[in-house]
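> What follows is the file model-v4.cif, containing mmCIF, C-alpha atoms:
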data_structure
loop_
_atom_site.group_PDB
_atom_site.id
_atom_site.type_symbol
_atom_site.label_atom_id
_atom_site.label_comp_id
_atom_site.auth_asym_id
_atom_site.auth_seq_id
_atom_site.Cartn_x
_atom_site.Cartn_y
_atom_site.Cartn_z
ATOM 1 C CA MET D 1 19.980 2.966 92.727
ATOM 2 C CA ASP D 2 23.316 4.302 93.965
ATOM 3 C CA LYS D 3 26.649 2.748 93.035
ATOM 4 C CA ILE D 4 27.357 -0.027 95.531
ATOM 5 C CA THR D 5 29.933 -2.648 96.411
ATOM 6 C CA THR D 6 29.213 -6.269 97.291
ATOM 7 C CA GLN D 7 26.917 -5.872 100.274
ATOM 8 C CA ILE D 8 23.859 -6.916 102.221
ATOM 9 C CA THR D 9 21.132 -4.431 103.105
ATOM 10 C CA MET D 10 18.963 -5.754 105.914
ATOM 11 C CA LEU D 11 15.433 -4.603 105.145
ATOM 12 C CA GLY D 12 14.170 -6.303 108.292
ATOM 13 C CA THR D 13 15.709 -8.248 111.169
ATOM 14 C CA GLY D 14 12.763 -9.398 113.284
ATOM 15 C CA ASN D 15 10.912 -12.658 113.785
ATOM 16 C CA ALA D 16 7.342 -13.385 112.685
ATOM 17 C CA THR D 17 5.453 -11.404 115.323
ATOM 18 C CA VAL D 18 7.429 -8.166 115.519
ATOM 19 C CA SER D 19 5.699 -4.796 115.217
ATOM 20 C CA GLN D 20 8.436 -2.249 116.025
ATOM 21 C CA ILE D 21 10.766 -3.557 113.307
ATOM 22 C CA TYR D 22 10.201 -5.422 110.032
ATOM 23 C CA ASN D 23 10.303 -9.177 109.447
ATOM 24 C CA THR D 24 13.630 -10.610 108.326
ATOM 25 C CA CYS D 25 14.446 -10.045 104.657
ATOM 26 C CA PHE D 26 17.372 -8.489 102.853
ATOM 27 C CA VAL D 27 18.897 -7.337 99.590
ATOM 28 C CA LEU D 28 22.081 -9.070 98.433
ATOM 29 C CA GLN D 29 23.990 -6.943 95.923
ATOM 30 C CA THR D 30 27.145 -6.902 93.875
ATOM 31 C CA PRO D 31 28.139 -3.904 91.729
ATOM 32 C CA SER D 32 26.092 -5.367 88.856
ATOM 33 C CA THR D 33 23.454 -7.664 90.393
ATOM 34 C CA LEU D 34 20.660 -7.364 92.955
ATOM 35 C CA MET D 35 18.695 -10.187 94.580
ATOM 36 C CA LEU D 36 15.928 -9.739 97.132
ATOM 37 C CA VAL D 37 15.780 -12.558 99.694
ATOM 38 C CA ASP D 38 12.284 -12.943 101.174
ATOM 39 C CA ALA D 39 9.975 -9.945 101.528
ATOM 40 C CA GLY D 40 8.462 -9.967 104.995
ATOM 41 C CA GLY D 41 4.813 -10.250 105.895
ATOM 42 C CA GLY D 42 3.085 -7.413 104.057
ATOM 43 C CA ASN D 43 3.272 -4.206 102.063
ATOM 44 C CA GLY D 44 5.783 -2.855 104.566
ATOM 45 C CA ILE D 45 8.304 -4.250 102.091
ATOM 46 C CA LEU D 46 7.499 -1.331 99.797
ATOM 47 C CA SER D 47 8.382 1.178 102.513
ATOM 48 C CA GLN D 48 11.608 -0.627 103.404
ATOM 49 C CA LEU D 49 12.723 -0.743 99.766
ATOM 50 C CA LYS D 50 11.966 2.954 99.356
ATOM 51 C CA LYS D 51 14.027 3.826 102.437
ATOM 52 C CA VAL D 52 17.120 2.165 100.950
ATOM 53 C CA ASN D 53 16.505 3.594 97.466
ATOM 54 C CA VAL D 54 15.741 0.287 95.756
ATOM 55 C CA GLN D 55 13.078 0.741 93.085
ATOM 56 C CA ILE D 56 10.699 -1.978 91.916
ATOM 57 C CA SER D 57 12.296 -1.567 88.492
ATOM 58 C CA ASP D 58 15.644 -2.601 90.077
ATOM 59 C CA ILE D 59 14.315 -5.982 91.239
ATOM 60 C CA HIS D 60 14.701 -8.885 88.813
ATOM 61 C CA HIS D 61 15.595 -11.728 91.190
ATOM 62 C CA LEU D 62 13.721 -12.811 94.321
ATOM 63 C CA PHE D 63 14.699 -15.853 96.403
ATOM 64 C CA VAL D 64 12.002 -17.064 98.812
ATOM 65 C CA THR D 65 13.272 -19.344 101.572
ATOM 66 C CA HIS D 66 9.891 -20.703 102.652
ATOM 67 C CA ALA D 67 6.150 -20.090 102.744
ATOM 68 C CA HIS D 68 5.642 -18.794 106.287
ATOM 69 C CA THR D 69 3.601 -15.585 106.383
ATOM 70 C CA ASP D 70 6.473 -13.387 107.567
ATOM 71 C CA HIS D 71 8.533 -14.307 104.518
ATOM 72 C CA VAL D 72 6.109 -14.828 101.665
ATOM 73 C CA LEU D 73 3.261 -12.307 101.950
ATOM 74 C CA GLY D 74 5.496 -9.387 101.043
ATOM 75 C CA VAL D 75 6.393 -11.321 97.897
ATOM 76 C CA ILE D 76 2.794 -10.900 96.728
ATOM 77 C CA TRP D 77 3.202 -7.125 96.973
ATOM 78 C CA VAL D 78 6.485 -7.167 95.051
ATOM 79 C CA ILE D 79 4.880 -9.222 92.278
ATOM 80 C CA ARG D 80 1.855 -6.921 92.202
ATOM 81 C CA MET D 81 4.079 -3.844 91.897
ATOM 82 C CA VAL D 82 6.142 -5.456 89.146
ATOM 83 C CA ALA D 83 2.873 -6.162 87.314
ATOM 84 C CA GLN D 84 1.716 -2.558 87.536
ATOM 85 C CA CYS D 85 5.114 -0.855 87.233
ATOM 86 C CA LYS D 86 4.901 1.317 84.162
ATOM 87 C CA GLY D 87 7.677 0.499 81.744
ATOM 88 C CA TYR D 88 9.130 -2.374 83.827
ATOM 89 C CA LYS D 89 11.959 -3.761 81.699
ATOM 90 C CA GLY D 90 13.040 -7.398 81.693
ATOM 91 C CA LEU D 91 11.710 -10.190 83.882
ATOM 92 C CA LEU D 92 11.285 -10.902 87.572
ATOM 93 C CA HIS D 93 12.715 -14.333 88.411
ATOM 94 C CA VAL D 94 11.212 -15.857 91.557
ATOM 95 C CA TYR D 95 13.062 -18.808 93.126
ATOM 96 C CA GLY D 96 11.692 -21.179 95.753
ATOM 97 C CA ASN D 97 10.606 -24.705 96.603
ATOM 98 C CA ASP D 98 7.377 -26.370 95.477
ATOM 99 C CA LYS D 99 5.395 -25.179 98.525
ATOM 100 C CA VAL D 100 6.515 -21.589 97.957
ATOM 101 C CA MET D 101 5.484 -21.777 94.315
ATOM 102 C CA LYS D 102 2.070 -23.182 95.202
ATOM 103 C CA VAL D 103 1.375 -20.561 97.871
ATOM 104 C CA ILE D 104 2.438 -17.600 95.732
ATOM 105 C CA LYS D 105 0.548 -18.713 92.642
ATOM 106 C CA THR D 106 -2.586 -19.542 94.633
ATOM 107 C CA ILE D 107 -2.670 -16.153 96.327
ATOM 108 C CA ILE D 108 -2.014 -14.070 93.233
ATOM 109 C CA ASP D 109 -4.601 -16.043 91.244
ATOM 110 C CA MET D 110 -7.178 -15.338 93.942
ATOM 111 C CA ILE D 111 -6.524 -11.666 94.646
ATOM 112 C CA LEU D 112 -4.887 -9.900 91.697
ATOM 113 C CA ALA D 113 -6.994 -8.245 89.022
ATOM 114 C CA LYS D 114 -7.183 -9.802 85.579
ATOM 115 C CA LYS D 115 -5.085 -6.996 84.079
ATOM 116 C CA GLN D 116 -2.403 -7.548 86.738
ATOM 117 C CA LEU D 117 -2.395 -11.302 86.154
ATOM 118 C CA THR D 118 -1.832 -10.688 82.452
ATOM 119 C CA LYS D 119 1.239 -8.631 83.304
ATOM 120 C CA VAL D 120 2.434 -11.308 85.753
ATOM 121 C CA ALA D 121 2.307 -13.856 82.934
ATOM 122 C CA GLU D 122 4.423 -11.520 80.800
ATOM 123 C CA ARG D 123 6.919 -10.384 83.403
ATOM 124 C CA VAL D 124 7.343 -13.058 86.110
ATOM 125 C CA VAL D 125 9.176 -16.375 85.744
ATOM 126 C CA PHE D 126 8.828 -18.932 88.553
ATOM 127 C CA HIS D 127 11.777 -21.263 89.170
ATOM 128 C CA GLN D 128 10.968 -24.269 91.360
ATOM 129 C CA LEU D 129 14.090 -25.397 93.201
ATOM 130 C CA GLU D 130 15.096 -28.709 94.731
ATOM 131 C CA ASP D 131 17.716 -29.562 97.323
ATOM 132 C CA GLY D 132 21.187 -29.121 95.799
ATOM 133 C CA ASP D 133 20.104 -27.112 92.747
ATOM 134 C CA CYS D 134 22.702 -24.697 91.370
ATOM 135 C CA PHE D 135 21.856 -21.555 89.414
ATOM 136 C CA GLU D 136 23.334 -18.178 88.513
ATOM 137 C CA VAL D 137 21.935 -14.762 89.279
ATOM 138 C CA GLY D 138 24.027 -12.294 87.311
ATOM 139 C CA ASP D 139 27.548 -12.596 88.708
ATOM 140 C CA MET D 140 26.378 -14.616 91.746
ATOM 141 C CA LYS D 141 26.629 -18.405 91.750
ATOM 142 C CA LEU D 142 24.124 -20.020 94.097
ATOM 143 C CA GLU D 143 23.541 -23.511 95.410
ATOM 144 C CA CYS D 144 20.449 -24.083 97.524
ATOM 145 C CA PHE D 145 19.967 -26.683 100.228
ATOM 146 C CA ASP D 146 17.074 -28.092 102.228
ATOM 147 C CA ILE D 147 17.630 -26.940 105.817
ATOM 148 C CA GLN D 148 15.810 -30.086 107.059
ATOM 149 C CA SER D 149 13.162 -28.117 108.926
ATOM 150 C CA THR D 150 10.740 -29.990 111.147
ATOM 151 C CA LYS D 151 8.105 -27.257 110.720
ATOM 152 C CA GLU D 152 8.081 -25.992 107.125
ATOM 153 C CA LYS D 153 9.987 -27.029 104.017
ATOM 154 C CA GLN D 154 12.717 -24.409 103.671
ATOM 155 C CA LEU D 155 15.736 -23.648 101.530
ATOM 156 C CA GLY D 156 18.971 -22.005 102.564
ATOM 157 C CA PHE D 157 21.699 -21.176 100.078
ATOM 158 C CA ARG D 158 25.431 -20.882 99.507
ATOM 159 C CA ALA D 159 26.428 -17.983 97.263
ATOM 160 C CA GLU D 160 29.754 -17.299 95.586
ATOM 161 C CA LEU D 161 30.121 -13.548 95.128
ATOM 162 C CA PRO D 162 32.726 -11.408 93.387
ATOM 163 C CA SER D 163 35.249 -9.944 95.809
ATOM 164 C CA SER D 164 36.522 -6.420 95.303
ATOM 165 C CA SER D 165 39.286 -6.842 97.890
ATOM 166 C CA ASP D 166 40.796 -10.208 96.875
ATOM 167 C CA GLU D 167 43.310 -9.659 94.069
ATOM 168 C CA SER D 168 43.474 -13.412 93.432
ATOM 169 C CA GLY D 169 39.927 -13.297 92.103
ATOM 170 C CA LYS D 170 38.754 -15.839 94.680
ATOM 171 C CA PRO D 171 35.019 -15.403 95.284
ATOM 172 C CA LEU D 172 33.476 -14.483 98.602
ATOM 173 C CA VAL D 173 31.351 -17.296 100.016
ATOM 174 C CA LEU D 174 28.130 -16.383 101.823
ATOM 175 C CA ALA D 175 26.032 -19.074 103.512
ATOM 176 C CA CYS D 176 22.439 -18.252 104.498
ATOM 177 C CA LEU D 177 21.081 -20.877 106.894
ATOM 178 C CA GLY D 178 17.397 -19.884 106.903
ATOM 179 C CA ASP D 179 15.481 -19.196 110.100
ATOM 180 C CA GLU D 180 15.759 -22.507 111.954
ATOM 181 C CA PRO D 181 18.676 -24.343 113.619
ATOM 182 C CA TYR D 182 21.551 -25.753 111.564
ATOM 183 C CA ASN D 183 21.435 -29.374 110.454
ATOM 184 C CA GLU D 184 24.755 -31.252 110.225
ATOM 185 C CA GLN D 185 23.669 -32.681 106.872
ATOM 186 C CA ASN D 186 24.385 -29.255 105.345
ATOM 187 C CA ARG D 187 27.942 -28.848 106.648
ATOM 188 C CA ARG D 188 29.557 -28.824 103.218
ATOM 189 C CA TYR D 189 27.600 -25.747 102.161
ATOM 190 C CA ILE D 190 28.735 -23.688 105.123
ATOM 191 C CA VAL D 191 32.108 -24.864 106.445
ATOM 192 C CA GLY D 192 34.844 -22.283 105.914
ATOM 193 C CA ALA D 193 32.483 -19.651 104.503
ATOM 194 C CA ASP D 194 33.543 -16.020 104.554
ATOM 195 C CA TRP D 195 30.105 -15.040 105.845
ATOM 196 C CA MET D 196 27.419 -17.016 107.668
ATOM 197 C CA MET D 197 23.894 -15.688 108.188
ATOM 198 C CA CYS D 198 22.232 -17.424 111.135
ATOM 199 C CA GLU D 199 19.010 -16.898 113.054
ATOM 200 C CA ALA D 200 19.263 -16.022 116.743
ATOM 201 C CA PHE D 201 15.779 -15.843 118.205
ATOM 202 C CA CYS D 202 17.029 -14.474 121.531
ATOM 203 C CA LEU D 203 19.898 -14.591 123.990
ATOM 204 C CA TYR D 204 20.628 -17.912 125.657
ATOM 205 C CA ALA D 205 20.463 -15.932 128.879
ATOM 206 C CA ASP D 206 16.824 -15.106 128.028
ATOM 207 C CA ARG D 207 15.832 -18.615 126.942
ATOM 208 C CA ASP D 208 13.354 -19.068 129.795
ATOM 209 C CA THR D 209 11.541 -15.895 128.723
ATOM 210 C CA PHE D 210 11.417 -16.422 124.944
ATOM 211 C CA LYS D 211 11.573 -20.255 124.824
ATOM 212 C CA PRO D 212 13.501 -20.557 121.528
ATOM 213 C CA TYR D 213 13.954 -24.321 121.648
ATOM 214 C CA GLU D 214 10.241 -24.942 121.986
ATOM 215 C CA LYS D 215 9.792 -22.859 118.806
ATOM 216 C CA CYS D 216 12.589 -24.623 116.911
ATOM 217 C CA HIS D 217 14.956 -21.660 117.034
ATOM 218 C CA SER D 218 18.485 -20.893 118.230
ATOM 219 C CA THR D 219 20.153 -18.354 120.494
ATOM 220 C CA ALA D 220 23.071 -15.988 119.997
ATOM 221 C CA LEU D 221 25.217 -18.346 122.075
ATOM 222 C CA ASP D 222 24.309 -21.287 119.817
ATOM 223 C CA ALA D 223 25.116 -19.271 116.696
ATOM 224 C CA GLY D 224 28.536 -18.313 118.049
ATOM 225 C CA LYS D 225 29.359 -21.930 118.867
ATOM 226 C CA LEU D 226 28.276 -23.015 115.389
ATOM 227 C CA ALA D 227 30.280 -20.310 113.622
ATOM 228 C CA GLU D 228 33.435 -21.308 115.505
ATOM 229 C CA GLU D 229 32.873 -25.006 114.827
ATOM 230 C CA LEU D 230 32.357 -24.452 111.104
ATOM 231 C CA GLY D 231 35.348 -22.140 110.759
ATOM 232 C CA VAL D 232 33.533 -19.211 109.189
ATOM 233 C CA LYS D 233 35.079 -15.744 109.221
ATOM 234 C CA ASN D 234 32.104 -13.445 109.782
ATOM 235 C CA LEU D 235 28.749 -14.034 111.485
ATOM 236 C CA ILE D 236 25.485 -12.156 110.886
ATOM 237 C CA LEU D 237 22.666 -12.702 113.394
ATOM 238 C CA TYR D 238 19.043 -11.992 112.461
ATOM 239 C CA HIS D 239 15.383 -13.077 112.949
ATOM 240 C CA THR D 240 15.347 -11.931 116.575
ATOM 241 C CA GLU D 241 12.795 -10.932 119.172
ATOM 242 C CA GLU D 242 12.177 -7.184 119.540
ATOM 243 C CA LYS D 243 11.708 -6.681 123.279
ATOM 244 C CA THR D 244 15.411 -6.043 123.852
ATOM 245 C CA LEU D 245 16.064 -3.733 120.891
ATOM 246 C CA ALA D 246 17.706 -1.028 122.990
ATOM 247 C CA ASN D 247 20.608 -3.345 123.829
ATOM 248 C CA ARG D 248 20.224 -6.034 121.165
ATOM 249 C CA LYS D 249 23.369 -5.240 119.185
ATOM 250 C CA GLU D 250 25.620 -5.074 122.238
ATOM 251 C CA ASN D 251 24.203 -8.056 124.124
ATOM 252 C CA TYR D 252 23.830 -10.464 121.186
ATOM 253 C CA THR D 253 27.359 -9.638 120.047
ATOM 254 C CA ARG D 254 28.761 -10.236 123.514
ATOM 255 C CA GLU D 255 27.023 -13.585 123.914
ATOM 256 C CA ALA D 256 28.009 -14.895 120.455
ATOM 257 C CA ALA D 257 31.597 -13.783 121.132
ATOM 258 C CA GLU D 258 31.845 -16.106 124.136
ATOM 259 C CA ASN D 259 32.681 -18.825 121.593
ATOM 260 C CA PHE D 260 33.265 -17.179 118.218
ATOM 261 C CA LYS D 261 36.469 -15.253 117.592
ATOM 262 C CA GLY D 262 35.567 -13.788 114.183
ATOM 263 C CA ARG D 263 33.600 -10.626 113.431
ATOM 264 C CA ILE D 264 29.984 -10.544 114.585
ATOM 265 C CA PHE D 265 27.244 -8.362 113.106
ATOM 266 C CA VAL D 266 23.855 -7.827 114.731
ATOM 267 C CA PRO D 267 22.310 -5.426 112.226
ATOM 268 C CA ASP D 268 19.418 -3.064 112.688
ATOM 269 C CA ASP D 269 16.711 -2.706 110.049
ATOM 270 C CA LEU D 270 18.062 -0.842 106.980
ATOM 271 C CA GLU D 271 21.698 -1.382 108.004
ATOM 272 C CA VAL D 272 24.184 -2.078 105.198
ATOM 273 C CA ILE D 273 26.932 -4.676 105.686
ATOM 274 C CA GLU D 274 29.860 -4.470 103.275
ATOM 275 C CA LEU D 275 31.056 -7.965 102.430
#
Take the structure in the file and give it back as C-alpha cells.

Amino acid sequence: MDKITTQITMLGTGNATVSQIYNTCFVLQTPSTLMLVDAGGGNGILSQLKKVNVQISDIHHLFVTHAHTDHVLGVIWVIRMVAQCKGYKGLLHVYGNDKVMKVIKTIIDMILAKKQLTKVAERVVFHQLEDGDCFEVGDMKLECFDIQSTKEKQLGFRAELPSSSDESGKPLVLACLGDEPYNEQNRRYIVGADWMMCEAFCLYADRDTFKPYEKCHSTALDAGKLAEELGVKNLILYHTEEKTLANRKENYTREAAENFKGRIFVPDDLEVIEL
C-alpha cells in the first residue's frame, strides 16, 4: 500500500442494479489507518481493491452500513479472503447493526468450508453497533447513527479524522449519511461537517425517468439543498444511476450547485478524494 494522506477512495459509486460500474463502497484512510466501508454485491470487490493497490492483508476494519445485497455480499468475499490469506496478521474487525451481523454470520456458516470457518473464528471479530455508539478505529473516532430508514435498518456515521492541513490540530469531520434520504433526527451528527457524503440517485431533472422518491432516494438537487442547510463545507455525491455516466460528473455537480456554494464532488469508480 502506497503512502497516503487522509483520503477517500471510491471503489464503487453506483446503486444496487448497476452493471457498468460497481456498487457504492469506499476506503477511508488516514496515513496510519484504513477502513473499508461496505463491499458491494459480489467478488467484484476483490478486483476493485486490486486496482487501487489495497491488499487483503491491509484490511483490518470493515464498517457495513446495512444488509442490502449491494452492500453486504462483497463482505462475504472479504471475510473469505481474510480466512484464506496466508500469513494474515492481526484481526479483521467487522462493524454493523444486528441485522448485518445476522446476515453475515448466516451466510458464512452456510457456504464457507470448515477450514475457512476455523480461520474466521481466529481472525474475525464482529462488533454489533447500536444507534449512538462511539468507537475508535486507529486514529479515527467514529459515532454511528440510525438513519431512520423506512426500508432497511441502516447506520450512518460521523468520523473525526486527523487533519494534515490544520495546524491547530482540529480534526476533520466526515459525515456519511448512508444511501437513503436524510432524517432531521440526525442533524447533530452532520451540521457543520467538513465533508458530507450523500446519496443522489439521479438528477431532479430526471426524476420522472428514475423515480427516486418512489424508491426512497434523493436527487442531486436535494443533496445540494441539504448541504447548504446543514452548513457543511464539501459534498460528495454517490449511489447513482448509471445511464447518464458520460455526463454524470458535470450534470450532477451543476444541479447540486444551484443551492450549495461549497465544493461538490461526483466521483467516478476508483477516484481518490483528498480530505
> Anything within 12 Å of (6.5, -16.7, 103.2): list those residues as an MDAnalysis selection string, counting only C-alpha atoms and sticking to the file's coordinates.
chainID D and resid 16 23:25 37:42 63:77 96:97 99:104 107 152:155 178:179
> Using only C-alpha atoms, please write the residues we just selected to a file, as an mmCIF file, in the coordinates of the input.

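Saved the output as again-v2.cif:
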data_model
loop_
_atom_site.group_PDB
_atom_site.id
_atom_site.type_symbol
_atom_site.label_atom_id
_atom_site.label_comp_id
_atom_site.auth_asym_id
_atom_site.auth_seq_id
_atom_site.Cartn_x
_atom_site.Cartn_y
_atom_site.Cartn_z
ATOM 1 C CA ALA D 16 7.342 -13.385 112.685
ATOM 2 C CA ASN D 23 10.303 -9.177 109.447
ATOM 3 C CA THR D 24 13.630 -10.610 108.326
ATOM 4 C CA CYS D 25 14.446 -10.045 104.657
ATOM 5 C CA VAL D 37 15.780 -12.558 99.694
ATOM 6 C CA ASP D 38 12.284 -12.943 101.174
ATOM 7 C CA ALA D 39 9.975 -9.945 101.528
ATOM 8 C CA GLY D 40 8.462 -9.967 104.995
ATOM 9 C CA GLY D 41 4.813 -10.250 105.895
ATOM 10 C CA GLY D 42 3.085 -7.413 104.057
ATOM 11 C CA PHE D 63 14.699 -15.853 96.403
ATOM 12 C CA VAL D 64 12.002 -17.064 98.812
ATOM 13 C CA THR D 65 13.272 -19.344 101.572
ATOM 14 C CA HIS D 66 9.891 -20.703 102.652
ATOM 15 C CA ALA D 67 6.150 -20.090 102.744
ATOM 16 C CA HIS D 68 5.642 -18.794 106.287
ATOM 17 C CA THR D 69 3.601 -15.585 106.383
ATOM 18 C CA ASP D 70 6.473 -13.387 107.567
ATOM 19 C CA HIS D 71 8.533 -14.307 104.518
ATOM 20 C CA VAL D 72 6.109 -14.828 101.665
ATOM 21 C CA LEU D 73 3.261 -12.307 101.950
ATOM 22 C CA GLY D 74 5.496 -9.387 101.043
ATOM 23 C CA VAL D 75 6.393 -11.321 97.897
ATOM 24 C CA ILE D 76 2.794 -10.900 96.728
ATOM 25 C CA TRP D 77 3.202 -7.125 96.973
ATOM 26 C CA GLY D 96 11.692 -21.179 95.753
ATOM 27 C CA ASN D 97 10.606 -24.705 96.603
ATOM 28 C CA LYS D 99 5.395 -25.179 98.525
ATOM 29 C CA VAL D 100 6.515 -21.589 97.957
ATOM 30 C CA MET D 101 5.484 -21.777 94.315
ATOM 31 C CA LYS D 102 2.070 -23.182 95.202
ATOM 32 C CA VAL D 103 1.375 -20.561 97.871
ATOM 33 C CA ILE D 104 2.438 -17.600 95.732
ATOM 34 C CA ILE D 107 -2.670 -16.153 96.327
ATOM 35 C CA GLU D 152 8.081 -25.992 107.125
ATOM 36 C CA LYS D 153 9.987 -27.029 104.017
ATOM 37 C CA GLN D 154 12.717 -24.409 103.671
ATOM 38 C CA LEU D 155 15.736 -23.648 101.530
ATOM 39 C CA GLY D 178 17.397 -19.884 106.903
ATOM 40 C CA ASP D 179 15.481 -19.196 110.100
#
> Which is closest to Ala205 of chain D among D:Tyr252, D:Tyr182, D:Phe157, D:Tyr238, if we use all atoms listed in the file?
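Of D:Tyr252, D:Tyr182, D:Phe157, D:Tyr238, the one nearest Ala205 of chain D, counting all atoms listed in the file, is D:Tyr252.
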> Taking the file as shown, find all residues satisfying the PyMOL selection byres ((chain D and resi 114-119) around 7) and write them as a PyMOL selection string.
chain D and resi 80+83-84+112-113+120-123
> Please evaluate the PyMOL selection byres ((chain D and resi 87) around 12) against the structure above and give the resulting residues as JSON, numbers by chain.
{"D": [56, 57, 58, 81, 82, 83, 84, 85, 86, 88, 89, 90, 91, 119, 123]}
> To test your reading of the syntax: which residues would the PyMOL selection byres ((chain D and resi 218) around 10) return for the file shown? Reply as a PDB file with C-alpha atoms, keeping the file's coordinate frame.

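Now in expr-v3.pdb:
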ATOM      1  CA  ASP D 179      15.481 -19.196 110.100  1.00  0.00           C
ATOM      2  CA  GLU D 180      15.759 -22.507 111.954  1.00  0.00           C
ATOM      3  CA  PRO D 181      18.676 -24.343 113.619  1.00  0.00           C
ATOM      4  CA  TYR D 182      21.551 -25.753 111.564  1.00  0.00           C
ATOM      5  CA  CYS D 198      22.232 -17.424 111.135  1.00  0.00           C
ATOM      6  CA  GLU D 199      19.010 -16.898 113.054  1.00  0.00           C
ATOM      7  CA  ALA D 200      19.263 -16.022 116.743  1.00  0.00           C
ATOM      8  CA  PHE D 201      15.779 -15.843 118.205  1.00  0.00           C
ATOM      9  CA  CYS D 202      17.029 -14.474 121.531  1.00  0.00           C
ATOM     10  CA  LEU D 203      19.898 -14.591 123.990  1.00  0.00           C
ATOM     11  CA  TYR D 204      20.628 -17.912 125.657  1.00  0.00           C
ATOM     12  CA  ARG D 207      15.832 -18.615 126.942  1.00  0.00           C
ATOM     13  CA  LYS D 211      11.573 -20.255 124.824  1.00  0.00           C
ATOM     14  CA  PRO D 212      13.501 -20.557 121.528  1.00  0.00           C
ATOM     15  CA  TYR D 213      13.954 -24.321 121.648  1.00  0.00           C
ATOM     16  CA  GLU D 214      10.241 -24.942 121.986  1.00  0.00           C
ATOM     17  CA  LYS D 215       9.792 -22.859 118.806  1.00  0.00           C
ATOM     18  CA  CYS D 216      12.589 -24.623 116.911  1.00  0.00           C
ATOM     19  CA  HIS D 217      14.956 -21.660 117.034  1.00  0.00           C
ATOM     20  CA  THR D 219      20.153 -18.354 120.494  1.00  0.00           C
ATOM     21  CA  ALA D 220      23.071 -15.988 119.997  1.00  0.00           C
ATOM     22  CA  LEU D 221      25.217 -18.346 122.075  1.00  0.00           C
ATOM     23  CA  ASP D 222      24.309 -21.287 119.817  1.00  0.00           C
ATOM     24  CA  ALA D 223      25.116 -19.271 116.696  1.00  0.00           C
ATOM     25  CA  HIS D 239      15.383 -13.077 112.949  1.00  0.00           C
ATOM     26  CA  THR D 240      15.347 -11.931 116.575  1.00  0.00           C
TER      27      THR D 240
END
> Have a look at atom CA of Ala227 of chain D and atom CA of Ser163 of chain D and let me know their distance in Å, one decimal.
21.2 Å
> I'd like to know which of D:Lys51, D:Leu226, D:Lys151, D:Thr13 is closest to Glu241 of chain D, using all atoms listed in the file.
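Between D:Lys51, D:Leu226, D:Lys151, D:Thr13, the residue approaching Glu241 of chain D most closely is D:Thr13.
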> May I ask for the distance between atom CA of Asp139 of chain D and atom CA of Trp195 of chain D, given in Å to one decimal place?
17.5 Å
> Report, in Å to a single decimal, how far apart atom CA of Leu49 of chain D and atom CA of Tyr22 of chain D are.
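We find that atom CA of Tyr22 of chain D and atom CA of Leu49 of chain D lie 11.6 Å from each other.
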> Name the closest residue to Val232 of chain D among the candidates D:Val78, D:Ile190, D:Val266, D:Met140; distances are taken between atoms, counting only C-alpha atoms.
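That would be D:Ile190, the residue with the smallest distance to Val232 of chain D.
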> Find, counting only C-alpha atoms, the residue in D:Leu177, D:Leu129, D:Ile111, D:Val137 that gets nearest to Met35 of chain D.
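Closest residue, counting only C-alpha atoms: D:Val137.
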> Taking only C-alpha atoms into account, name the residue in D:Asn15, D:Thr33, D:Asn259, D:Ser149 that is nearest to Glu229 of chain D.
D:Asn259
> Hey, which of D:Glu274, D:Glu160, D:Asn251, D:Phe26 ends up closest to Leu11 of chain D? Count all atoms listed in the file.
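Among the listed residues, the smallest separation from Leu11 of chain D belongs to D:Phe26.
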> I'd like the contact shell of Leu28 of chain D - 7 Å cut-off, all atoms listed in the file, skipping same-chain residues fewer than 3 positions apart - returned as a PyMOL selection string.
chain D and resi 7-9+34-36
